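Asker: The structure's right below; bear with me while I get my questions together.
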Amino acid sequence: MKTELLQGWASRLVMALLLCVLGGAGPSRATIRYEVSISHPEQHLFHVTMTIPDVSGEVTVRMPAWNALYQIRDFSGHVQRVEAFAGTATAPIEKVDKETWRVTGQGTITIRYATYWDEVGPFATQLNGEHAFVNPALILTYVQERRGEDVQLALQEVPRAWHVASAAHLAAASSGSARTFDLDAKSYDALADAPIEISNFKEFSVPELPVDIRAVVHGEGWSQKKIENDLSRICNYELKLMGGAPFEHYLFILHIGKGAGGGGMEHANSTAIGIPSDEYLSGVAAHEFFHLWNVKRIRPATLEPVDFTKEQYTRALWFAEGVTSTYGAFTLVRSGIWHKERFYEDLGEQISELESRPANRWQSAEQSSLDAWLEKYSLYNAPDESVSYYTKGQVLGDLLDILIRDRTNNDKSLDDVLRAMNTDFAKAGKTYRDSLDIRLEAEKVAGGSFEEFFQDYVATARPLPYQQILGLAGLELQTVEHKRAILGFSPERESAGAVTVRTVDDGSPAAEAGLRSGDVIVNWNGGDVPRSLGRWVRERQPGETVKVRIRREEKEQTLQFKLGEEREVLYQVAEDSHAGEKAKHIREGLLHGVTRTAASH
């Protein structure tokens, strides 16, 4: 019996050695492992244990200063009670700067800390009694020189009624009333790019697609049929446009309802979207899904490699984000979710937004891209201070598409430029040189120079030639004067979330009611202050009454005033009834995504 045991042990040893030599037949073990407990979600605390093997002398760990948004947000500000161990013994740990800790020790080092999160939206992280939504980079520290190694994340003590969804590889194991879910990723960066929803969500496949695309929904007041229809149309069109899927599986994480936050965030194989109702889904989803190609794979060199510690400047966001908005609108009209009048209305709204901002006269699309890191400051977002690279980029995308169609007699379009960039850069594993390579690809497609266009309208802020270029597509730009409501003061949202009155307009109803600069608004019409007061007031009429509760010098009082009135010029895009045949063909190509070459086939 003893001989048989020795022989069995020897056989197992040989097999283990063979597996080591061959790389192993089973799943690889993560080099760095994270364990995250959510045992008391109502406390909003993630309890994190990071295990780092093979440490020689010391190891430095960092918490990202930014992720998802182009904003320095200093996630280490959420961290509490950091401690370290070498084996079972306490290890010396020193905080080097606001994001960095250095641990002295040998072998396997364990770091433990808690991090508090209860912020809504796809760019944040939240843990409460209803769900957990995790952007991993917001809660997990990393070792810079080991970011490329395999990692494993174990979500522990997940409530029995909750499930876990992520684009990362996922496995589950039950234990009593709570469960553990293991997620594997090929690197820290890959894990950071795979947000996680943990809740009693509803999950379903998006129908009638050639690839596996799923949706998980947490929220209320939504229709599965509508979501399936919208996502099916959007995904089918964009997959066909770009020649197939760059993924095996894809996940939509949808937060819907009051308190869901706003907007969407793209990831390599998923997106997270927060919307007040499913009526807002199509516009956000069309944009975020197109990011699969533009920015996630067709990627500017200035964004690589990712540096989580500081700003990463690029001149290409007008294309990476703005032209993605161009394709969001193209997708909606070409898939039939929008009728053509809604497409014209949207384009007119983008032009109106641009032309209403004095900064449009001096801030170029490239400069707006570089200054993205200033968007967290309310002052920067004022009309006199900036234009959005989303808005300017979307309009530039439409104008560039029309020019390419006109120069090639509608044989080629901006679609061909995106497909060429996908082939020449994304599929080739290369990054592109900001606006330069975009211009060169457009010139290859159109067979002529775009140097003047890019110099005048991308690199500098010359007035955009709307009428001239829209006319090439049988469209005209009309103006109409409009009365709109205004607040009568300028609000500023501080980093902690409080809304402060920055300035008050002289003679405005708000000023007459006693509102002053420096007042902190604690209540708005009996509820929370709207996250975007600018958006809120755009949906109101002049003369509507507002009741606010403000705090001034540690005392609170209630003020009531009417919204003011301002006249503005709005732009509308309409079809030119006298357009020639070539212009009409270009217009149809713009609306339906076809060229003369494609139509002939």
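Every chain in the structure tokens takes a letter, A first, then B, and so on in the order presented; its residues are numbered from 1, and the ligands are numbered from 1 following the presented order.
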What's the 12 Å shell around Asp424 (chain A), counting only C-alpha atoms, without same-chain residues fewer than 3 positions away, as a list of chain:residue names?
Answerer: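 That gives A:Arg297, A:Ile298, A:Arg299, A:Asp416, A:Val417, A:Leu418, A:Arg419, A:Ala420, A:Met421, A:Lys427, A:Ala428, A:Gly429, A:Lys430, A:Thr431, A:Tyr432, A:Asp437, A:Ile438, A:Leu440, A:Glu441, A:Lys444.
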Asker: Store the residues picked out above in a file with C-alpha atoms, as a PDB file, in the first residue's frame.
Answerer:
ATOM      1  CA  ARG A 297     -10.324  50.162 -30.812  1.00  0.00           C
ATOM      2  CA  ILE A 298      -9.816  53.014 -33.286  1.00  0.00           C
ATOM      3  CA  ARG A 299      -7.742  54.790 -30.686  1.00  0.00           C
ATOM      4  CA  ASP A 416     -15.611  54.493 -45.669  1.00  0.00           C
ATOM      5  CA  VAL A 417     -13.234  56.585 -43.549  1.00  0.00           C
ATOM      6  CA  LEU A 418     -14.357  54.850 -40.337  1.00  0.00           C
ATOM      7  CA  ARG A 419     -14.065  51.430 -41.963  1.00  0.00           C
ATOM      8  CA  ALA A 420     -10.612  52.299 -43.301  1.00  0.00           C
ATOM      9  CA  MET A 421      -9.458  53.433 -39.870  1.00  0.00           C
ATOM     10  CA  LYS A 427      -7.408  45.549 -36.691  1.00  0.00           C
ATOM     11  CA  ALA A 428      -3.696  46.168 -37.208  1.00  0.00           C
ATOM     12  CA  GLY A 429      -3.214  46.851 -33.491  1.00  0.00           C
ATOM     13  CA  LYS A 430      -2.057  50.431 -34.139  1.00  0.00           C
ATOM     14  CA  THR A 431      -3.046  53.819 -32.749  1.00  0.00           C
ATOM     15  CA  TYR A 432      -3.568  56.887 -34.907  1.00  0.00           C
ATOM     16  CA  ASP A 437      -4.255  60.403 -39.517  1.00  0.00           C
ATOM     17  CA  ILE A 438      -7.963  61.205 -39.602  1.00  0.00           C
ATOM     18  CA  LEU A 440      -4.966  61.365 -44.260  1.00  0.00           C
ATOM     19  CA  GLU A 441      -7.587  58.599 -44.189  1.00  0.00           C
ATOM     20  CA  LYS A 444      -7.345  58.527 -49.287  1.00  0.00           C
TER      21      LYS A 444
END
Asker: Residues at most 10 Å from region 86-93 of chain A, counting only C-alpha atoms, excluding those fewer than 5 positions away in the same chain, as a list in words?
Answerer: Thr51, Ile52, Pro53, Val55, Glu58, Val59, Thr60, Trp101, Arg102, Val103, Thr104, Gly105, Gln106, Gly107, Thr108, Ile109, Thr110 and Ile111 of chain A
Asker: Give the strand (DSSP E or B) residues of region 97-249 of chain A, as DSSP finds them on the backbone, and put them as an mmCIF file with N, CA and C atoms, in the first residue's frame.
Answerer:
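See out15.cif below for the written result:
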data_model
loop_
_atom_site.group_PDB
_atom_site.id
_atom_site.type_symbol
_atom_site.label_atom_id
_atom_site.label_comp_id
_atom_site.auth_asym_id
_atom_site.auth_seq_id
_atom_site.Cartn_x
_atom_site.Cartn_y
_atom_site.Cartn_z
ATOM 1 N N ASP A 97 2.038 59.622 -1.372
ATOM 2 C CA ASP A 97 1.292 60.810 -1.783
ATOM 3 C C ASP A 97 -0.187 60.469 -1.688
ATOM 4 N N THR A 100 -0.842 56.957 -3.297
ATOM 5 C CA THR A 100 0.205 55.941 -3.318
ATOM 6 C C THR A 100 0.611 55.501 -1.915
ATOM 7 N N TRP A 101 0.813 54.164 -1.760
ATOM 8 C CA TRP A 101 1.306 53.581 -0.514
ATOM 9 C C TRP A 101 2.476 52.646 -0.841
ATOM 10 N N ARG A 102 3.487 52.639 0.036
ATOM 11 C CA ARG A 102 4.628 51.750 -0.129
ATOM 12 C C ARG A 102 4.673 50.780 1.055
ATOM 13 N N VAL A 103 4.757 49.472 0.733
ATOM 14 C CA VAL A 103 4.779 48.433 1.758
ATOM 15 C C VAL A 103 6.142 47.745 1.728
ATOM 16 N N THR A 104 6.731 47.533 2.894
ATOM 17 C CA THR A 104 8.008 46.821 3.010
ATOM 18 C C THR A 104 7.738 45.383 3.435
ATOM 19 N N GLY A 105 8.310 44.410 2.705
ATOM 20 C CA GLY A 105 8.106 43.018 3.064
ATOM 21 C C GLY A 105 8.565 42.081 1.981
ATOM 22 N N GLN A 106 8.521 40.802 2.278
ATOM 23 C CA GLN A 106 8.956 39.751 1.364
ATOM 24 C C GLN A 106 7.817 38.766 1.112
ATOM 25 N N GLY A 107 7.866 38.124 -0.058
ATOM 26 C CA GLY A 107 6.922 37.040 -0.345
ATOM 27 C C GLY A 107 5.554 37.564 -0.703
ATOM 28 N N THR A 108 4.543 37.044 -0.024
ATOM 29 C CA THR A 108 3.161 37.447 -0.295
ATOM 30 C C THR A 108 2.762 38.592 0.627
ATOM 31 N N ILE A 109 2.361 39.704 0.013
ATOM 32 C CA ILE A 109 1.935 40.888 0.765
ATOM 33 C C ILE A 109 0.416 41.026 0.633
ATOM 34 N N THR A 110 -0.222 41.282 1.768
ATOM 35 C CA THR A 110 -1.669 41.505 1.780
ATOM 36 C C THR A 110 -1.952 42.938 2.227
ATOM 37 N N ILE A 111 -2.800 43.608 1.478
ATOM 38 C CA ILE A 111 -3.203 44.976 1.823
ATOM 39 C C ILE A 111 -4.714 44.989 2.018
ATOM 40 N N ARG A 112 -5.150 45.604 3.095
ATOM 41 C CA ARG A 112 -6.583 45.680 3.386
ATOM 42 C C ARG A 112 -6.986 47.135 3.588
ATOM 43 N N TYR A 113 -8.172 47.470 3.080
ATOM 44 C CA TYR A 113 -8.718 48.811 3.283
ATOM 45 C C TYR A 113 -10.213 48.774 3.016
ATOM 46 N N ALA A 114 -10.900 49.821 3.395
ATOM 47 C CA ALA A 114 -12.305 49.999 3.054
ATOM 48 C C ALA A 114 -12.424 51.240 2.184
ATOM 49 N N THR A 115 -13.434 51.263 1.315
ATOM 50 C CA THR A 115 -13.656 52.438 0.475
ATOM 51 C C THR A 115 -15.151 52.710 0.377
ATOM 52 N N TYR A 116 -15.520 53.948 0.602
ATOM 53 C CA TYR A 116 -16.924 54.359 0.705
ATOM 54 C C TYR A 116 -17.410 54.892 -0.641
ATOM 55 N N ASP A 118 -21.198 55.826 -2.736
ATOM 56 C CA ASP A 118 -22.654 55.868 -2.900
ATOM 57 C C ASP A 118 -23.015 56.957 -3.898
ATOM 58 N N GLN A 126 -21.457 52.664 -6.727
ATOM 59 C CA GLN A 126 -22.496 52.804 -5.711
ATOM 60 C C GLN A 126 -22.724 51.477 -4.997
ATOM 61 N N LEU A 127 -22.889 51.554 -3.691
ATOM 62 C CA LEU A 127 -23.266 50.398 -2.884
ATOM 63 C C LEU A 127 -24.334 50.855 -1.905
ATOM 64 N N HIS A 131 -28.623 47.824 -4.599
ATOM 65 C CA HIS A 131 -27.705 47.230 -5.570
ATOM 66 C C HIS A 131 -26.288 47.721 -5.325
ATOM 67 N N ALA A 132 -25.372 47.109 -6.054
ATOM 68 C CA ALA A 132 -24.005 47.619 -6.137
ATOM 69 C C ALA A 132 -23.662 47.756 -7.608
ATOM 70 N N PHE A 133 -23.086 48.892 -7.956
ATOM 71 C CA PHE A 133 -22.536 49.078 -9.297
ATOM 72 C C PHE A 133 -21.084 49.470 -9.116
ATOM 73 N N VAL A 134 -20.189 48.738 -9.782
ATOM 74 C CA VAL A 134 -18.763 48.903 -9.527
ATOM 75 C C VAL A 134 -18.013 49.199 -10.816
ATOM 76 N N TYR A 142 -3.525 49.240 -7.587
ATOM 77 C CA TYR A 142 -2.768 48.451 -8.562
ATOM 78 C C TYR A 142 -1.277 48.643 -8.328
ATOM 79 N N VAL A 151 -5.276 39.015 -13.281
ATOM 80 C CA VAL A 151 -5.844 39.369 -11.985
ATOM 81 C C VAL A 151 -7.127 38.580 -11.762
ATOM 82 N N GLN A 152 -7.473 38.449 -10.492
ATOM 83 C CA GLN A 152 -8.732 37.793 -10.123
ATOM 84 C C GLN A 152 -9.415 38.632 -9.066
ATOM 85 N N LEU A 153 -10.706 38.793 -9.233
ATOM 86 C CA LEU A 153 -11.518 39.532 -8.278
ATOM 87 C C LEU A 153 -12.585 38.610 -7.720
ATOM 88 N N ALA A 154 -12.616 38.457 -6.393
ATOM 89 C CA ALA A 154 -13.648 37.656 -5.730
ATOM 90 C C ALA A 154 -14.614 38.606 -5.020
ATOM 91 N N LEU A 155 -15.868 38.630 -5.470
ATOM 92 C CA LEU A 155 -16.910 39.406 -4.794
ATOM 93 C C LEU A 155 -17.517 38.509 -3.723
ATOM 94 N N GLN A 156 -17.375 38.888 -2.492
ATOM 95 C CA GLN A 156 -17.743 38.021 -1.379
ATOM 96 C C GLN A 156 -18.951 38.553 -0.622
ATOM 97 N N GLU A 157 -19.667 37.610 0.007
ATOM 98 C CA GLU A 157 -20.828 37.921 0.830
ATOM 99 C C GLU A 157 -21.880 38.705 0.045
ATOM 100 N N VAL A 158 -22.094 38.260 -1.185
ATOM 101 C CA VAL A 158 -23.139 38.849 -2.016
ATOM 102 C C VAL A 158 -24.488 38.360 -1.510
ATOM 103 N N PRO A 159 -25.430 39.246 -1.234
ATOM 104 C CA PRO A 159 -26.733 38.808 -0.731
ATOM 105 C C PRO A 159 -27.383 37.768 -1.626
ATOM 106 N N HIS A 163 -27.619 39.007 -7.995
ATOM 107 C CA HIS A 163 -26.807 38.321 -9.003
ATOM 108 C C HIS A 163 -25.696 39.273 -9.455
ATOM 109 N N VAL A 164 -24.777 38.750 -10.234
ATOM 110 C CA VAL A 164 -23.640 39.544 -10.698
ATOM 111 C C VAL A 164 -23.574 39.494 -12.222
ATOM 112 N N ALA A 165 -23.343 40.630 -12.846
ATOM 113 C CA ALA A 165 -23.181 40.699 -14.299
ATOM 114 C C ALA A 165 -21.973 41.559 -14.626
ATOM 115 N N SER A 166 -21.144 41.083 -15.539
ATOM 116 C CA SER A 166 -19.972 41.825 -15.995
ATOM 117 C C SER A 166 -19.488 41.211 -17.297
ATOM 118 N N HIS A 169 -14.826 37.510 -17.217
ATOM 119 C CA HIS A 169 -15.180 36.103 -17.030
ATOM 120 C C HIS A 169 -15.661 35.898 -15.601
ATOM 121 N N LEU A 170 -16.821 35.227 -15.448
ATOM 122 C CA LEU A 170 -17.506 35.184 -14.165
ATOM 123 C C LEU A 170 -17.828 33.755 -13.760
ATOM 124 N N ALA A 171 -17.589 33.451 -12.484
ATOM 125 C CA ALA A 171 -17.973 32.153 -11.915
ATOM 126 C C ALA A 171 -18.563 32.417 -10.538
ATOM 127 N N ALA A 172 -19.420 31.496 -10.050
ATOM 128 C CA ALA A 172 -20.083 31.703 -8.768
ATOM 129 C C ALA A 172 -19.968 30.466 -7.900
ATOM 130 N N ALA A 173 -19.913 30.682 -6.597
ATOM 131 C CA ALA A 173 -19.912 29.585 -5.634
ATOM 132 C C ALA A 173 -20.749 30.006 -4.447
ATOM 133 N N SER A 174 -21.666 29.136 -4.015
ATOM 134 C CA SER A 174 -22.561 29.463 -2.908
ATOM 135 C C SER A 174 -21.938 29.091 -1.576
ATOM 136 N N SER A 175 -22.309 29.839 -0.550
ATOM 137 C CA SER A 175 -21.850 29.538 0.803
ATOM 138 C C SER A 175 -22.842 30.149 1.782
ATOM 139 N N ALA A 178 -25.000 33.850 1.806
ATOM 140 C CA ALA A 178 -24.342 34.759 0.863
ATOM 141 C C ALA A 178 -23.508 33.944 -0.111
ATOM 142 N N ARG A 179 -23.034 34.601 -1.155
ATOM 143 C CA ARG A 179 -22.301 33.890 -2.196
ATOM 144 C C ARG A 179 -21.040 34.631 -2.585
ATOM 145 N N THR A 180 -20.137 33.898 -3.239
ATOM 146 C CA THR A 180 -18.908 34.473 -3.774
ATOM 147 C C THR A 180 -18.917 34.340 -5.286
ATOM 148 N N PHE A 181 -18.532 35.387 -5.964
ATOM 149 C CA PHE A 181 -18.426 35.381 -7.423
ATOM 150 C C PHE A 181 -16.995 35.727 -7.789
ATOM 151 N N ASP A 182 -16.378 34.919 -8.620
ATOM 152 C CA ASP A 182 -15.006 35.167 -9.068
ATOM 153 C C ASP A 182 -15.017 35.714 -10.484
ATOM 154 N N LEU A 183 -14.277 36.798 -10.690
ATOM 155 C CA LEU A 183 -14.116 37.378 -12.013
ATOM 156 C C LEU A 183 -12.640 37.347 -12.370
ATOM 157 N N ASP A 184 -12.328 36.897 -13.574
ATOM 158 C CA ASP A 184 -10.956 36.819 -14.051
ATOM 159 C C ASP A 184 -10.760 37.800 -15.201
ATOM 160 N N ALA A 185 -9.590 38.394 -15.255
ATOM 161 C CA ALA A 185 -9.231 39.285 -16.361
ATOM 162 C C ALA A 185 -7.754 39.128 -16.664
ATOM 163 N N ILE A 196 -19.304 46.278 -13.221
ATOM 164 C CA ILE A 196 -20.018 45.153 -12.626
ATOM 165 C C ILE A 196 -21.331 45.641 -12.028
ATOM 166 N N GLU A 197 -22.417 44.972 -12.339
ATOM 167 C CA GLU A 197 -23.710 45.227 -11.698
ATOM 168 C C GLU A 197 -24.033 44.056 -10.771
ATOM 169 N N ILE A 198 -24.402 44.368 -9.541
ATOM 170 C CA ILE A 198 -24.722 43.363 -8.534
ATOM 171 C C ILE A 198 -26.076 43.736 -7.933
ATOM 172 N N SER A 199 -27.104 42.993 -8.283
ATOM 173 C CA SER A 199 -28.447 43.327 -7.802
ATOM 174 C C SER A 199 -29.417 42.228 -8.233
ATOM 175 N N LYS A 202 -32.921 42.257 -13.974
ATOM 176 C CA LYS A 202 -33.554 41.434 -15.013
ATOM 177 C C LYS A 202 -32.554 41.299 -16.152
ATOM 178 N N GLU A 203 -32.334 40.094 -16.626
ATOM 179 C CA GLU A 203 -31.358 39.847 -17.685
ATOM 180 C C GLU A 203 -32.034 39.177 -18.867
ATOM 181 N N PHE A 204 -31.669 39.587 -20.093
ATOM 182 C CA PHE A 204 -32.222 38.969 -21.294
ATOM 183 C C PHE A 204 -31.283 39.209 -22.471
ATOM 184 N N SER A 205 -31.417 38.382 -23.479
ATOM 185 C CA SER A 205 -30.639 38.525 -24.706
ATOM 186 C C SER A 205 -31.324 39.510 -25.634
ATOM 187 N N ASP A 212 -23.704 37.378 -29.640
ATOM 188 C CA ASP A 212 -24.280 37.332 -28.306
ATOM 189 C C ASP A 212 -24.198 38.704 -27.641
ATOM 190 N N ILE A 213 -25.331 39.364 -27.501
ATOM 191 C CA ILE A 213 -25.431 40.641 -26.810
ATOM 192 C C ILE A 213 -26.550 40.525 -25.790
ATOM 193 N N ARG A 214 -26.227 40.838 -24.534
ATOM 194 C CA ARG A 214 -27.188 40.706 -23.458
ATOM 195 C C ARG A 214 -27.392 42.061 -22.781
ATOM 196 N N ALA A 215 -28.504 42.175 -22.082
ATOM 197 C CA ALA A 215 -28.802 43.375 -21.313
ATOM 198 C C ALA A 215 -29.203 42.975 -19.903
ATOM 199 N N VAL A 216 -28.707 43.711 -18.927
ATOM 200 C CA VAL A 216 -29.201 43.577 -17.560
ATOM 201 C C VAL A 216 -29.764 44.934 -17.158
ATOM 202 N N VAL A 217 -30.943 44.911 -16.535
ATOM 203 C CA VAL A 217 -31.642 46.153 -16.209
ATOM 204 C C VAL A 217 -31.938 46.188 -14.717
ATOM 205 N N HIS A 218 -31.506 47.253 -14.078
ATOM 206 C CA HIS A 218 -31.858 47.519 -12.688
ATOM 207 C C HIS A 218 -32.632 48.821 -12.660
ATOM 208 N N GLY A 219 -33.844 48.775 -12.155
ATOM 209 C CA GLY A 219 -34.638 49.994 -12.118
ATOM 210 C C GLY A 219 -36.108 49.691 -12.221
ATOM 211 N N HIS A 249 -18.725 38.429 -26.860
ATOM 212 C CA HIS A 249 -19.904 38.693 -26.033
ATOM 213 C C HIS A 249 -19.910 40.173 -25.672
#
Asker: Need the shell around region 584-590 of chain A: protein/DNA/RNA residues with any atom at most 7 Å away, counting only C-alpha atoms. Skip same-chain ones fewer than 2 positions apart. Format as a PyMOL selection string?
Answerer: chain A and resi 405+410+473-474+579-582+592-595
Asker: Enumerate as a CSV table (one decimal) with N, CA and C atoms, in the first residue's frame all residues of region 379-450 of chain A assigned to helix (DSSP H, G or I) by DSSP on the backbone, naming them with the chain letters and numbers the document uses.
Answerer:
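Below is the file that was written, part07.csv:
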chain,number,residue,atom,x,y,z
A,389,TYR,N,-16.6,69.5,-27.3
A,389,TYR,CA,-16.0,68.7,-28.5
A,389,TYR,C,-17.1,67.7,-29.0
A,390,TYR,N,-18.0,67.3,-28.1
A,390,TYR,CA,-19.1,66.5,-28.6
A,390,TYR,C,-19.9,67.2,-29.7
A,391,THR,N,-20.3,68.4,-29.4
A,391,THR,CA,-21.2,69.2,-30.3
A,391,THR,C,-20.4,69.6,-31.5
A,392,LYS,N,-19.3,70.2,-31.4
A,392,LYS,CA,-18.5,70.6,-32.5
A,392,LYS,C,-18.1,69.4,-33.4
A,393,GLY,N,-17.7,68.4,-32.7
A,393,GLY,CA,-17.3,67.2,-33.5
A,393,GLY,C,-18.4,66.5,-34.2
A,394,GLN,N,-19.6,66.5,-33.6
A,394,GLN,CA,-20.8,66.0,-34.4
A,394,GLN,C,-21.1,66.7,-35.6
A,395,VAL,N,-21.1,68.1,-35.5
A,395,VAL,CA,-21.4,68.9,-36.7
A,395,VAL,C,-20.2,68.7,-37.7
A,396,LEU,N,-19.0,68.7,-37.3
A,396,LEU,CA,-17.9,68.5,-38.2
A,396,LEU,C,-18.0,67.2,-39.0
A,397,GLY,N,-18.5,66.1,-38.2
A,397,GLY,CA,-18.7,64.8,-38.9
A,397,GLY,C,-19.7,64.9,-40.0
A,398,ASP,N,-20.8,65.6,-39.7
A,398,ASP,CA,-21.9,65.7,-40.8
A,398,ASP,C,-21.3,66.5,-42.0
A,399,LEU,N,-20.6,67.6,-41.7
A,399,LEU,CA,-20.1,68.4,-42.9
A,399,LEU,C,-19.0,67.6,-43.6
A,400,LEU,N,-18.2,66.9,-42.9
A,400,LEU,CA,-17.1,66.1,-43.6
A,400,LEU,C,-17.7,65.0,-44.5
A,401,ASP,N,-18.8,64.4,-44.0
A,401,ASP,CA,-19.5,63.3,-44.7
A,401,ASP,C,-20.0,63.9,-46.0
A,402,ILE,N,-20.7,65.1,-46.0
A,402,ILE,CA,-21.2,65.7,-47.2
A,402,ILE,C,-20.1,66.0,-48.1
A,403,LEU,N,-19.0,66.6,-47.7
A,403,LEU,CA,-17.9,66.9,-48.6
A,403,LEU,C,-17.3,65.7,-49.3
A,404,ILE,N,-17.2,64.6,-48.6
A,404,ILE,CA,-16.6,63.4,-49.2
A,404,ILE,C,-17.6,62.9,-50.2
A,405,ARG,N,-18.9,62.9,-49.9
A,405,ARG,CA,-19.9,62.5,-50.9
A,405,ARG,C,-19.9,63.4,-52.1
A,406,ASP,N,-19.8,64.7,-51.9
A,406,ASP,CA,-19.8,65.6,-53.0
A,406,ASP,C,-18.6,65.4,-53.9
A,407,ARG,N,-17.4,65.3,-53.3
A,407,ARG,CA,-16.1,65.1,-54.1
A,407,ARG,C,-16.1,63.8,-54.9
A,414,LEU,N,-18.2,59.2,-45.3
A,414,LEU,CA,-17.5,59.1,-44.0
A,414,LEU,C,-17.5,57.7,-43.5
A,415,ASP,N,-18.5,56.9,-43.8
A,415,ASP,CA,-18.5,55.5,-43.5
A,415,ASP,C,-17.3,54.8,-43.9
A,416,ASP,N,-16.8,55.1,-45.1
A,416,ASP,CA,-15.6,54.5,-45.7
A,416,ASP,C,-14.4,54.9,-44.9
A,417,VAL,N,-14.4,56.1,-44.4
A,417,VAL,CA,-13.2,56.6,-43.5
A,417,VAL,C,-13.2,55.8,-42.2
A,418,LEU,N,-14.3,55.6,-41.6
A,418,LEU,CA,-14.4,54.9,-40.3
A,418,LEU,C,-14.0,53.4,-40.6
A,419,ARG,N,-14.4,52.8,-41.7
A,419,ARG,CA,-14.1,51.4,-42.0
A,419,ARG,C,-12.6,51.3,-42.3
A,420,ALA,N,-12.0,52.3,-43.0
A,420,ALA,CA,-10.6,52.3,-43.3
A,420,ALA,C,-9.8,52.4,-42.0
A,421,MET,N,-10.2,53.3,-41.1
A,421,MET,CA,-9.5,53.4,-39.9
A,421,MET,C,-9.6,52.2,-39.0
A,422,ASN,N,-10.7,51.5,-39.1
A,422,ASN,CA,-10.8,50.2,-38.4
A,422,ASN,C,-9.9,49.2,-38.9
A,423,THR,N,-9.7,49.2,-40.3
A,423,THR,CA,-8.8,48.2,-40.9
A,423,THR,C,-7.3,48.6,-40.6
A,424,ASP,N,-7.0,49.9,-40.9
A,424,ASP,CA,-5.6,50.3,-40.8
A,424,ASP,C,-5.0,50.5,-39.4
A,425,PHE,N,-5.9,50.7,-38.5
A,425,PHE,CA,-5.5,51.0,-37.1
A,425,PHE,C,-6.0,49.9,-36.1
A,426,ALA,N,-7.3,49.8,-36.0
A,426,ALA,CA,-7.8,48.9,-34.9
A,426,ALA,C,-7.4,47.4,-35.2
A,434,ASP,N,-3.8,61.4,-33.8
A,434,ASP,CA,-4.8,62.5,-33.6
A,434,ASP,C,-5.4,62.9,-35.0
A,435,SER,N,-5.5,64.3,-35.2
A,435,SER,CA,-6.2,64.7,-36.4
A,435,SER,C,-5.5,64.4,-37.7
A,436,LEU,N,-4.2,64.2,-37.6
A,436,LEU,CA,-3.4,64.0,-38.8
A,436,LEU,C,-3.8,62.8,-39.5
A,437,ASP,N,-3.9,61.7,-38.8
A,437,ASP,CA,-4.3,60.4,-39.5
A,437,ASP,C,-5.7,60.4,-39.9
A,438,ILE,N,-6.6,61.1,-39.2
A,438,ILE,CA,-8.0,61.2,-39.6
A,438,ILE,C,-8.0,61.9,-41.0
A,439,ARG,N,-7.3,63.0,-41.1
A,439,ARG,CA,-7.2,63.7,-42.4
A,439,ARG,C,-6.7,62.9,-43.5
A,440,LEU,N,-5.6,62.2,-43.2
A,440,LEU,CA,-5.0,61.4,-44.3
A,440,LEU,C,-5.9,60.2,-44.7
A,441,GLU,N,-6.6,59.6,-43.8
A,441,GLU,CA,-7.6,58.6,-44.2
A,441,GLU,C,-8.7,59.2,-45.0
A,442,ALA,N,-9.2,60.4,-44.6
A,442,ALA,CA,-10.3,61.0,-45.4
A,442,ALA,C,-9.8,61.4,-46.8
A,443,GLU,N,-8.5,61.8,-46.9
A,443,GLU,CA,-8.0,62.1,-48.2
A,443,GLU,C,-7.8,60.9,-49.1
A,444,LYS,N,-7.4,59.8,-48.5
A,444,LYS,CA,-7.3,58.5,-49.3
A,444,LYS,C,-8.7,58.1,-49.8
A,445,VAL,N,-9.7,58.3,-49.0
A,445,VAL,CA,-11.1,57.9,-49.4
A,445,VAL,C,-11.6,58.8,-50.5
A,446,ALA,N,-11.4,60.1,-50.3
A,446,ALA,CA,-12.0,61.1,-51.2
A,446,ALA,C,-11.1,61.4,-52.4
Asker: Which region 262-318 of chain A residues have any atom within 7 Å of an atom of region 355-367 of chain A, and for each, what is the nearest pair of atoms with distance in Å to one decimal, counting only C-alpha atoms, rows sorted by chain and number, as JSON lines?
Answerer:
{"residue": "A:Arg315", "atom": "CA", "partner": "A:Glu366", "partner_atom": "CA", "distance": 4.6}
{"residue": "A:Ala316", "atom": "CA", "partner": "A:Glu366", "partner_atom": "CA", "distance": 6.5}
{"residue": "A:Trp318", "atom": "CA", "partner": "A:Ala365", "partner_atom": "CA", "distance": 5.8}
Asker: Can you write out the residues you just picked, keeping C-alpha atoms, as a CSV table (one decimal), in the first residue's frame?
Answerer:
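Result saved to out-v8.csv:
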chain,number,residue,atom,x,y,z
A,315,ARG,CA,-6.5,66.7,-29.6
A,316,ALA,CA,-8.7,64.0,-31.0
A,318,TRP,CA,-13.7,65.9,-31.4
Asker: Smallest atom-to-atom distance to Ala574 (chain A): which of A:Leu370, A:Ala260, A:Val206, A:Leu470, using only C-alpha atoms?
Answerer: A:Leu470
Asker: Which residues are close to Tyr188 (chain A), i.e. within 10 Å by only C-alpha atoms, leaving aside same-chain residues fewer than 2 positions away? Reply as a PyMOL selection string.
Answerer: chain A and resi 32+136-137+140-144+146-152+184-186+190-193
Asker: CA of Thr271 (chain A) to CA of Trp293 (chain A): how many Å, to one decimal?
Answerer: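 It comes out at 12.9 Å.
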Asker: Skip region 273-280 of chain A itself and residues of its chain fewer than 2 positions away, then list as a PyMOL selection string all residues within 8 Å of it, counting only C-alpha atoms.
Answerer: chain A and resi 121-122+221-223+226-227+252-265+271+282-285
Asker: Would you compute the distance between CA of Gln467 (chain A) and CA of Ala372 (chain A)? Give it in Å to one decimal.
Answerer: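 These two atoms are separated by 28.9 Å.
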